[in-house]
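Contents: one structure, followed by commentary.
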Amino acid sequence: MPEKTEYQASSAPTEKTKSPPFLNWGETNNQYWTKLKTVAEAATTFYQNNGNRFTLLSKGGKLYSSSNDCYITTNYLKNNGFLEQDFSEFLCDILLINGCDIANYIDIDMPSSSLNIGIFTAIKQPSGNKIMLSSSTDKIASISEEDYSRLLKQYDAYHGSVNVLSPEMEEYERILNFIRVYEGNYDKYYVRDIRMDKKYAVVTFSTQNAPNNIKQYVLVNKDGFWEVAINNLDKQSNLYFAVNSILPDFNLSLLPPYNVYFYKNDMKADFSDVLKNMVFYEMIEQQSQVRYICGTTNYCYIILYGNEHYLGKKINDDWDIKKVQSASDAIQSMQLNNKNAPTFIVLDE
């Protein structure tokens with residue numbers, strides 16, 4: 001006869017029991033899980049091999065090819081050789097999101113392998129109203145349709161209007177001070193451009209002792225404090241992919257029209273030819289009159305201590321240098337020749 005077990009009442013709160021998420025699902029659901037995982041594996045391979053090439057982005061949480069202007073679907077993967085089976089009737093969503101965000105909607109622990117930004121797949125249960133979510137390595141869980149909508153809403157890239165800051169604005173100097181703290185020094189900067197919305201900011205700048213070493217940072221605003229999220233945007237050939245792969249809700253309209261990376265090898269170090277030209281045409285009497293100079297092999301921007309501004313353009317191996325009224329005039333003149341011109345040489349004043 002089994003022993004009688006006595007239980008003592010306890011006043012301590014009991015921990016909520018986490019029910020196994022897959023215990024009572026039938027064979028049809030199991031088939032869906034298998035397909036979800038298969039599609040996630042194929043999409044992960046596609047993303048890893050072609051992310052930069054096709055500028056694969058998270059657009060509203062879903063995997064999107066900017067180069068081809070289309071969302072990535074099971075048919076796309078099948079037609080491009082990444083899926084062997086015909087999944088044309090399996091209309092799942094292919095997502096590029098942060099696994100940590102999914103964790104907010106489930107009552108089980110997320111697998112550690114699925115916590116970061118990566119590919120996930122989602123589809124409505126064949127019998128039921130929940131959305132099944134899988135990664136390439138794990139079944140995740142099922143969440144309500146309402147929670148699924150909330151999850152994707154987190155990847156809305158609109159965070160208010162884009163504003164280009166001017167030096168007299170208070171937030172301008174606040175952002176620079178956060179960069180100084182991040183870099184661990186208090187260098188004086190030559191700022192080229194600061195633009196922001198309510199969540200992110202993009203800053204293009206250099207130190208004053210190295211004006212041709214252009215840096216570009218992305219910062220995120222957390223509870224009123226700016227933190228550096230990306231510190232090497234100037235080294236990225238594909239800006240959209242580089243930013244989106246780290247900050248999938250970033251508004252890409254925040255990025256300036258130029259790409260610093262493509263001009264890294266064209267930055268001008270010796271300005272003797274420019275300065276000799278200015279002396280010859282009596283724009284200056286001596287080189288010591290120059291307060292700021294920065295340029296590439298084809299453009300040069302100069303400011304004198306008397307606050308005169310000049311823009312030089314290389315034409316037929318010679319510098320055509322003309323006086324401009326302001327930084328904005330110089331930028332407009334450069335963009336008439338090339339909308340993606342290296343206007344980061346122009347000092348923001």
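Each chain in the structure tokens gets a letter, A, B, ..., in the order shown, and its residues are numbered from 1; ligands are numbered from 1 in order too.
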
**Request:** Would you list the contacts of A:Leu83 as a PyMOL selection string, taking every protein, DNA or RNA residue within 8 Å and counting only C-alpha atoms, but skipping same-chain residues closer than 5 positions in sequence?
**Result:** chain A and resi 39+42+74+77-78

Can you write out the residues you just picked, keeping N, CA and C atoms, as a PDB file, in the first residue's frame?
ATOM      1  N   VAL A  39      12.407  26.654 -43.989  1.00  0.00           N
ATOM      2  CA  VAL A  39      12.432  27.959 -44.657  1.00  0.00           C
ATOM      3  C   VAL A  39      13.393  28.908 -43.945  1.00  0.00           C
ATOM      4  N   ALA A  42      16.927  28.103 -44.954  1.00  0.00           N
ATOM      5  CA  ALA A  42      17.229  28.579 -46.307  1.00  0.00           C
ATOM      6  C   ALA A  42      17.387  30.097 -46.332  1.00  0.00           C
ATOM      7  N   THR A  74       8.912  32.487 -49.845  1.00  0.00           N
ATOM      8  CA  THR A  74       9.303  31.104 -50.121  1.00  0.00           C
ATOM      9  C   THR A  74       9.491  30.893 -51.622  1.00  0.00           C
ATOM     10  N   LEU A  77      12.906  32.228 -52.643  1.00  0.00           N
ATOM     11  CA  LEU A  77      13.981  31.313 -52.250  1.00  0.00           C
ATOM     12  C   LEU A  77      14.008  30.087 -53.149  1.00  0.00           C
ATOM     13  N   LYS A  78      12.829  29.566 -53.505  1.00  0.00           N
ATOM     14  CA  LYS A  78      12.754  28.391 -54.379  1.00  0.00           C
ATOM     15  C   LYS A  78      13.279  28.740 -55.774  1.00  0.00           C
TER      16      LYS A  78
END

Report as JSON lines: every residue of stretch 29-136 of chain A with an atom at most 12 Å from stretch 239-253 of chain A, its closest pair of atoms, and their distance in Å to one decimal, counting only C-alpha atoms, with rows sorted by chain and ascending residue number.
{"residue": "A:Tyr47", "atom": "CA", "partner": "A:Ser245", "partner_atom": "CA", "distance": 10.4}
{"residue": "A:Gln48", "atom": "CA", "partner": "A:Ser245", "partner_atom": "CA", "distance": 10.9}
{"residue": "A:Asn50", "atom": "CA", "partner": "A:Phe241", "partner_atom": "CA", "distance": 10.6}
{"residue": "A:Gly51", "atom": "CA", "partner": "A:Phe241", "partner_atom": "CA", "distance": 7.1}
{"residue": "A:Asn52", "atom": "CA", "partner": "A:Phe241", "partner_atom": "CA", "distance": 6.0}
{"residue": "A:Arg53", "atom": "CA", "partner": "A:Phe241", "partner_atom": "CA", "distance": 9.1}
{"residue": "A:Phe54", "atom": "CA", "partner": "A:Phe241", "partner_atom": "CA", "distance": 8.9}
{"residue": "A:Thr55", "atom": "CA", "partner": "A:Phe241", "partner_atom": "CA", "distance": 5.3}
{"residue": "A:Leu56", "atom": "CA", "partner": "A:Phe241", "partner_atom": "CA", "distance": 6.5}
{"residue": "A:Leu57", "atom": "CA", "partner": "A:Asn244", "partner_atom": "CA", "distance": 6.1}
{"residue": "A:Ser58", "atom": "CA", "partner": "A:Pro248", "partner_atom": "CA", "distance": 5.6}
{"residue": "A:Lys59", "atom": "CA", "partner": "A:Pro248", "partner_atom": "CA", "distance": 7.6}
{"residue": "A:Gly60", "atom": "CA", "partner": "A:Asp249", "partner_atom": "CA", "distance": 7.7}
{"residue": "A:Gly61", "atom": "CA", "partner": "A:Pro248", "partner_atom": "CA", "distance": 7.6}
{"residue": "A:Lys62", "atom": "CA", "partner": "A:Pro248", "partner_atom": "CA", "distance": 10.0}
{"residue": "A:Leu63", "atom": "CA", "partner": "A:Pro248", "partner_atom": "CA", "distance": 10.4}
{"residue": "A:Tyr64", "atom": "CA", "partner": "A:Phe241", "partner_atom": "CA", "distance": 10.9}
{"residue": "A:Ser65", "atom": "CA", "partner": "A:Phe241", "partner_atom": "CA", "distance": 10.1}
{"residue": "A:Ser66", "atom": "CA", "partner": "A:Tyr240", "partner_atom": "CA", "distance": 8.9}
{"residue": "A:Ser67", "atom": "CA", "partner": "A:Tyr240", "partner_atom": "CA", "distance": 10.7}
{"residue": "A:Leu95", "atom": "CA", "partner": "A:Pro248", "partner_atom": "CA", "distance": 11.0}
{"residue": "A:Leu96", "atom": "CA", "partner": "A:Pro248", "partner_atom": "CA", "distance": 8.0}
{"residue": "A:Ile97", "atom": "CA", "partner": "A:Pro248", "partner_atom": "CA", "distance": 7.1}
{"residue": "A:Asn98", "atom": "CA", "partner": "A:Pro248", "partner_atom": "CA", "distance": 8.3}
{"residue": "A:Asp101", "atom": "CA", "partner": "A:Pro248", "partner_atom": "CA", "distance": 11.8}
{"residue": "A:Asn116", "atom": "CA", "partner": "A:Ile246", "partner_atom": "CA", "distance": 9.8}
{"residue": "A:Ile117", "atom": "CA", "partner": "A:Ser245", "partner_atom": "CA", "distance": 7.5}
{"residue": "A:Gly118", "atom": "CA", "partner": "A:Ser245", "partner_atom": "CA", "distance": 8.7}
{"residue": "A:Ile119", "atom": "CA", "partner": "A:Ser245", "partner_atom": "CA", "distance": 11.0}

**Message:** Just want the 10 Å neighbourhood of A:Lys323, counted on only C-alpha atoms, with same-chain residues fewer than 4 positions away dropped. Output as a PyMOL selection string.
**Reply:** chain A and resi 283+301-303+308-312+329-330

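Within the 9 Å cut-off around A:Ile175, using only C-alpha atoms and omitting residues fewer than 5 positions from it on the same chain, the listed residues are Glu170, Arg180, Ile194, Ala201, Val203, Leu219, Phe225, Trp226 and Glu227 of chain A.
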
**Message:** Going by DSSP on the backbone, which residues of stretch 19-247 of chain A come out as strand (DSSP E)? List them as a ChimeraX atom specification.
**Reply:** /A:56-59,62-65,70-71,93-98,117-124,130-135,139-144,163-164,189-196,200-207,215-222,225-230

Write a file of the selected residues as a PDB file, in the first residue's frame, keeping C-alpha atoms.
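Wrote it out as result-v7.pdb, contents follow:
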ATOM      1  CA  LEU A  56      18.832  42.699 -47.544  1.00  0.00           C
ATOM      2  CA  LEU A  57      17.002  44.674 -44.883  1.00  0.00           C
ATOM      3  CA  SER A  58      14.413  44.376 -42.176  1.00  0.00           C
ATOM      4  CA  LYS A  59      11.471  46.408 -43.460  1.00  0.00           C
ATOM      5  CA  LYS A  62      10.086  41.378 -42.746  1.00  0.00           C
ATOM      6  CA  LEU A  63      13.079  40.431 -44.907  1.00  0.00           C
ATOM      7  CA  TYR A  64      13.295  42.773 -47.871  1.00  0.00           C
ATOM      8  CA  SER A  65      15.676  43.126 -50.809  1.00  0.00           C
ATOM      9  CA  CYS A  70      10.742  43.049 -53.090  1.00  0.00           C
ATOM     10  CA  TYR A  71      10.079  41.090 -49.933  1.00  0.00           C
ATOM     11  CA  ASP A  93       6.432  35.421 -43.277  1.00  0.00           C
ATOM     12  CA  ILE A  94      10.224  35.586 -43.394  1.00  0.00           C
ATOM     13  CA  LEU A  95      11.393  37.971 -40.698  1.00  0.00           C
ATOM     14  CA  LEU A  96      14.610  39.774 -39.843  1.00  0.00           C
ATOM     15  CA  ILE A  97      14.185  40.783 -36.209  1.00  0.00           C
ATOM     16  CA  ASN A  98      15.814  40.688 -32.800  1.00  0.00           C
ATOM     17  CA  ILE A 117      19.148  39.796 -34.688  1.00  0.00           C
ATOM     18  CA  GLY A 118      18.526  37.083 -37.230  1.00  0.00           C
ATOM     19  CA  ILE A 119      16.107  35.292 -39.503  1.00  0.00           C
ATOM     20  CA  PHE A 120      12.819  33.953 -38.157  1.00  0.00           C
ATOM     21  CA  THR A 121       9.744  32.533 -39.859  1.00  0.00           C
ATOM     22  CA  ALA A 122       6.099  32.910 -38.873  1.00  0.00           C
ATOM     23  CA  ILE A 123       2.753  31.491 -39.951  1.00  0.00           C
ATOM     24  CA  LYS A 124      -0.737  31.135 -38.537  1.00  0.00           C
ATOM     25  CA  LYS A 130      -1.980  31.858 -32.948  1.00  0.00           C
ATOM     26  CA  ILE A 131       1.159  32.675 -34.927  1.00  0.00           C
ATOM     27  CA  MET A 132       3.899  30.055 -34.895  1.00  0.00           C
ATOM     28  CA  LEU A 133       7.472  31.393 -34.760  1.00  0.00           C
ATOM     29  CA  SER A 134      10.658  29.518 -35.596  1.00  0.00           C
ATOM     30  CA  SER A 135      14.328  30.294 -36.109  1.00  0.00           C
ATOM     31  CA  LYS A 139      11.065  26.147 -32.523  1.00  0.00           C
ATOM     32  CA  ILE A 140      10.339  29.314 -30.602  1.00  0.00           C
ATOM     33  CA  ALA A 141       6.661  29.406 -29.567  1.00  0.00           C
ATOM     34  CA  SER A 142       3.226  30.559 -30.667  1.00  0.00           C
ATOM     35  CA  ILE A 143       1.908  34.018 -29.874  1.00  0.00           C
ATOM     36  CA  SER A 144      -1.430  35.733 -30.422  1.00  0.00           C
ATOM     37  CA  ASN A 163      16.159  67.348 -38.647  1.00  0.00           C
ATOM     38  CA  VAL A 164      19.581  68.645 -39.667  1.00  0.00           C
ATOM     39  CA  TYR A 189      35.861  68.600 -33.354  1.00  0.00           C
ATOM     40  CA  TYR A 190      35.319  69.824 -36.866  1.00  0.00           C
ATOM     41  CA  VAL A 191      31.686  68.852 -37.382  1.00  0.00           C
ATOM     42  CA  ARG A 192      30.407  68.333 -40.914  1.00  0.00           C
ATOM     43  CA  ASP A 193      26.859  67.209 -40.287  1.00  0.00           C
ATOM     44  CA  ILE A 194      24.507  66.197 -37.465  1.00  0.00           C
ATOM     45  CA  ARG A 195      21.046  64.944 -38.322  1.00  0.00           C
ATOM     46  CA  MET A 196      18.544  63.263 -36.018  1.00  0.00           C
ATOM     47  CA  TYR A 200      18.678  58.151 -33.662  1.00  0.00           C
ATOM     48  CA  ALA A 201      21.362  60.621 -34.731  1.00  0.00           C
ATOM     49  CA  VAL A 202      24.070  60.448 -37.417  1.00  0.00           C
ATOM     50  CA  VAL A 203      27.196  62.528 -36.836  1.00  0.00           C
ATOM     51  CA  THR A 204      29.942  63.159 -39.412  1.00  0.00           C
ATOM     52  CA  PHE A 205      33.025  64.802 -37.932  1.00  0.00           C
ATOM     53  CA  SER A 206      36.779  64.791 -37.403  1.00  0.00           C
ATOM     54  CA  THR A 207      39.130  66.027 -34.733  1.00  0.00           C
ATOM     55  CA  LYS A 215      34.513  59.697 -38.783  1.00  0.00           C
ATOM     56  CA  GLN A 216      30.845  58.816 -38.866  1.00  0.00           C
ATOM     57  CA  TYR A 217      28.852  57.592 -35.857  1.00  0.00           C
ATOM     58  CA  VAL A 218      25.267  56.525 -35.275  1.00  0.00           C
ATOM     59  CA  LEU A 219      23.875  57.278 -31.825  1.00  0.00           C
ATOM     60  CA  VAL A 220      20.672  56.099 -30.149  1.00  0.00           C
ATOM     61  CA  ASN A 221      18.705  58.106 -27.614  1.00  0.00           C
ATOM     62  CA  LYS A 222      17.884  56.102 -24.491  1.00  0.00           C
ATOM     63  CA  PHE A 225      20.918  60.103 -23.065  1.00  0.00           C
ATOM     64  CA  TRP A 226      22.774  59.525 -26.328  1.00  0.00           C
ATOM     65  CA  GLU A 227      24.805  56.343 -26.744  1.00  0.00           C
ATOM     66  CA  VAL A 228      27.079  55.407 -29.643  1.00  0.00           C
ATOM     67  CA  ALA A 229      25.506  52.438 -31.433  1.00  0.00           C
ATOM     68  CA  ILE A 230      27.776  52.303 -34.513  1.00  0.00           C
TER      69      ILE A 230
END

**Message:** Please compute the atom CA of A:Lys35-atom CA of A:Gly81 distance, one decimal, in Å.
**Reply:**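 Distance reported for this atom pair: 16.4 Å.
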
**Message:** Taking 6 positions as the minimum chain separation for residues in the same chain, which residues sit within 12 Å of A:Asp320 when counting only C-alpha atoms? Answer as a VMD selection string.
**Reply:** chain A and resid 273 to 275 277 to 278 281 298 to 301 310 to 314

Produce a file of the selected residues containing N, CA and C atoms, as a PDB file, in the first residue's frame.
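Ended up saving to again-v4.pdb:
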ATOM      1  N   ASP A 273      49.444  72.797 -53.763  1.00  0.00           N
ATOM      2  CA  ASP A 273      49.017  73.252 -55.083  1.00  0.00           C
ATOM      3  C   ASP A 273      47.805  74.178 -54.983  1.00  0.00           C
ATOM      4  N   VAL A 274      46.896  73.873 -54.065  1.00  0.00           N
ATOM      5  CA  VAL A 274      45.718  74.723 -53.866  1.00  0.00           C
ATOM      6  C   VAL A 274      46.135  76.093 -53.332  1.00  0.00           C
ATOM      7  N   LEU A 275      46.996  76.086 -52.336  1.00  0.00           N
ATOM      8  CA  LEU A 275      47.408  77.333 -51.691  1.00  0.00           C
ATOM      9  C   LEU A 275      48.240  78.210 -52.629  1.00  0.00           C
ATOM     10  N   ASN A 277      47.902  78.309 -55.798  1.00  0.00           N
ATOM     11  CA  ASN A 277      46.914  78.861 -56.717  1.00  0.00           C
ATOM     12  C   ASN A 277      46.211  80.066 -56.087  1.00  0.00           C
ATOM     13  N   MET A 278      45.878  79.962 -54.810  1.00  0.00           N
ATOM     14  CA  MET A 278      45.203  81.064 -54.122  1.00  0.00           C
ATOM     15  C   MET A 278      46.122  82.287 -53.985  1.00  0.00           C
ATOM     16  N   TYR A 281      46.426  84.000 -57.473  1.00  0.00           N
ATOM     17  CA  TYR A 281      45.250  84.792 -57.850  1.00  0.00           C
ATOM     18  C   TYR A 281      44.857  85.800 -56.767  1.00  0.00           C
ATOM     19  N   ASN A 298      39.351  65.958 -55.946  1.00  0.00           N
ATOM     20  CA  ASN A 298      38.585  66.770 -56.893  1.00  0.00           C
ATOM     21  C   ASN A 298      37.902  67.991 -56.288  1.00  0.00           C
ATOM     22  N   TYR A 299      37.812  68.049 -54.964  1.00  0.00           N
ATOM     23  CA  TYR A 299      37.153  69.176 -54.305  1.00  0.00           C
ATOM     24  C   TYR A 299      37.990  69.639 -53.116  1.00  0.00           C
ATOM     25  N   CYS A 300      37.909  70.929 -52.836  1.00  0.00           N
ATOM     26  CA  CYS A 300      38.623  71.464 -51.677  1.00  0.00           C
ATOM     27  C   CYS A 300      37.817  72.631 -51.102  1.00  0.00           C
ATOM     28  N   TYR A 301      37.718  72.665 -49.776  1.00  0.00           N
ATOM     29  CA  TYR A 301      36.974  73.736 -49.107  1.00  0.00           C
ATOM     30  C   TYR A 301      37.912  74.468 -48.162  1.00  0.00           C
ATOM     31  N   TYR A 310      35.942  79.582 -49.524  1.00  0.00           N
ATOM     32  CA  TYR A 310      36.293  79.272 -50.910  1.00  0.00           C
ATOM     33  C   TYR A 310      36.043  77.794 -51.192  1.00  0.00           C
ATOM     34  N   LEU A 311      35.610  77.539 -52.414  1.00  0.00           N
ATOM     35  CA  LEU A 311      35.425  76.162 -52.875  1.00  0.00           C
ATOM     36  C   LEU A 311      36.285  75.944 -54.109  1.00  0.00           C
ATOM     37  N   GLY A 312      37.111  74.905 -54.071  1.00  0.00           N
ATOM     38  CA  GLY A 312      37.938  74.561 -55.213  1.00  0.00           C
ATOM     39  C   GLY A 312      37.449  73.292 -55.888  1.00  0.00           C
ATOM     40  N   LYS A 313      37.443  73.315 -57.216  1.00  0.00           N
ATOM     41  CA  LYS A 313      37.089  72.134 -58.001  1.00  0.00           C
ATOM     42  C   LYS A 313      38.224  71.856 -58.980  1.00  0.00           C
ATOM     43  N   LYS A 314      38.604  70.596 -59.080  1.00  0.00           N
ATOM     44  CA  LYS A 314      39.685  70.211 -59.989  1.00  0.00           C
ATOM     45  C   LYS A 314      39.120  70.097 -61.400  1.00  0.00           C
TER      46      LYS A 314
END

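From atom CA of A:Ser328 back to atom CA of A:Leu304, the distance works out to 16.6 Å.
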
Name the residues of stretch 111-255 of chain A that come out as alpha helix (DSSP H) in a backbone DSSP run; write them as a PDB file with C-alpha atoms, in the first residue's frame.
ATOM      1  CA  GLU A 145      -2.106  37.631 -33.627  1.00  0.00           C
ATOM      2  CA  GLU A 146      -2.319  40.836 -31.577  1.00  0.00           C
ATOM      3  CA  ASP A 147       1.121  40.241 -30.079  1.00  0.00           C
ATOM      4  CA  TYR A 148       2.502  39.405 -33.517  1.00  0.00           C
ATOM      5  CA  SER A 149       1.237  42.751 -34.822  1.00  0.00           C
ATOM      6  CA  ARG A 150       2.827  44.491 -31.838  1.00  0.00           C
ATOM      7  CA  LEU A 151       6.096  42.659 -32.488  1.00  0.00           C
ATOM      8  CA  LEU A 152       6.274  43.848 -36.097  1.00  0.00           C
ATOM      9  CA  LYS A 153       5.225  47.348 -35.071  1.00  0.00           C
ATOM     10  CA  GLU A 170      21.531  72.939 -27.626  1.00  0.00           C
ATOM     11  CA  GLU A 171      21.203  69.310 -28.744  1.00  0.00           C
ATOM     12  CA  TYR A 172      24.099  69.802 -31.172  1.00  0.00           C
ATOM     13  CA  GLU A 173      26.653  70.245 -28.391  1.00  0.00           C
ATOM     14  CA  ARG A 174      24.978  67.629 -26.162  1.00  0.00           C
ATOM     15  CA  ILE A 175      25.488  64.987 -28.836  1.00  0.00           C
ATOM     16  CA  LEU A 176      29.131  65.987 -29.283  1.00  0.00           C
ATOM     17  CA  ASN A 177      29.707  65.758 -25.537  1.00  0.00           C
ATOM     18  CA  PHE A 178      28.345  62.206 -25.490  1.00  0.00           C
ATOM     19  CA  ILE A 179      30.796  61.339 -28.291  1.00  0.00           C
ATOM     20  CA  ARG A 180      33.654  62.850 -26.274  1.00  0.00           C
ATOM     21  CA  VAL A 181      32.703  60.696 -23.294  1.00  0.00           C
ATOM     22  CA  TYR A 182      32.534  57.632 -25.549  1.00  0.00           C
ATOM     23  CA  GLU A 183      35.965  58.344 -27.054  1.00  0.00           C
ATOM     24  CA  LEU A 239      25.467  51.925 -45.523  1.00  0.00           C
ATOM     25  CA  TYR A 240      21.892  50.636 -45.634  1.00  0.00           C
ATOM     26  CA  PHE A 241      22.912  47.054 -44.944  1.00  0.00           C
ATOM     27  CA  ALA A 242      25.507  47.988 -42.326  1.00  0.00           C
ATOM     28  CA  VAL A 243      23.081  50.077 -40.278  1.00  0.00           C
ATOM     29  CA  ASN A 244      19.986  47.917 -40.691  1.00  0.00           C
TER      30      ASN A 244
END

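Within 12 Å of A:Asn209, once only C-alpha atoms are used and residues closer than 6 positions along the same chain are dropped, the contacting residues are Asp187, Lys188, Tyr189, Tyr190, Tyr292, Ile293 and Cys294 of chain A.
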
How would the residues just chosen look if you wrote them out with C-alpha atoms as a PDB file, in the first residue's frame?
ATOM      1  CA  ASP A 187      39.133  66.791 -28.396  1.00  0.00           C
ATOM      2  CA  LYS A 188      37.783  69.737 -30.302  1.00  0.00           C
ATOM      3  CA  TYR A 189      35.861  68.600 -33.354  1.00  0.00           C
ATOM      4  CA  TYR A 190      35.319  69.824 -36.866  1.00  0.00           C
ATOM      5  CA  TYR A 292      40.428  75.489 -42.184  1.00  0.00           C
ATOM      6  CA  ILE A 293      41.133  73.378 -45.239  1.00  0.00           C
ATOM      7  CA  CYS A 294      39.862  69.940 -46.198  1.00  0.00           C
TER       8      CYS A 294
END

**Fill in**
Students should find that atom CA of A:Asn232 and atom CA of A:Gln332 are spaced 26.7 Å

**Item:** Distance query A:Val260 at most 10 Å, only C-alpha atoms, self and fewer than 4 positions along chain excluded, as a PyMOL selection string
**Value:** chain A and resi 204+214-216+233-237+239+256+264-265+267+341-344

Next, the residues of the selection above should be written as a CSV table (one decimal), in the first residue's frame with C-alpha atoms.
chain,number,residue,atom,x,y,z
A,204,THR,CA,29.9,63.2,-39.4
A,214,ILE,CA,36.5,61.7,-41.3
A,215,LYS,CA,34.5,59.7,-38.8
A,216,GLN,CA,30.8,58.8,-38.9
A,233,LEU,CA,30.0,53.9,-40.5
A,234,ASP,CA,32.8,55.6,-42.4
A,235,LYS,CA,34.3,52.2,-43.1
A,236,GLN,CA,31.1,50.6,-44.6
A,237,SER,CA,30.6,50.3,-48.3
A,239,LEU,CA,25.5,51.9,-45.5
A,256,PRO,CA,23.6,61.8,-45.6
A,264,LYS,CA,38.8,57.3,-48.1
A,265,ASN,CA,41.6,56.9,-50.7
A,267,MET,CA,41.4,62.4,-49.2
A,341,ALA,CA,29.6,64.6,-53.9
A,342,PRO,CA,31.8,64.5,-50.8
A,343,THR,CA,30.2,67.5,-49.1
A,344,PHE,CA,31.6,66.2,-45.8
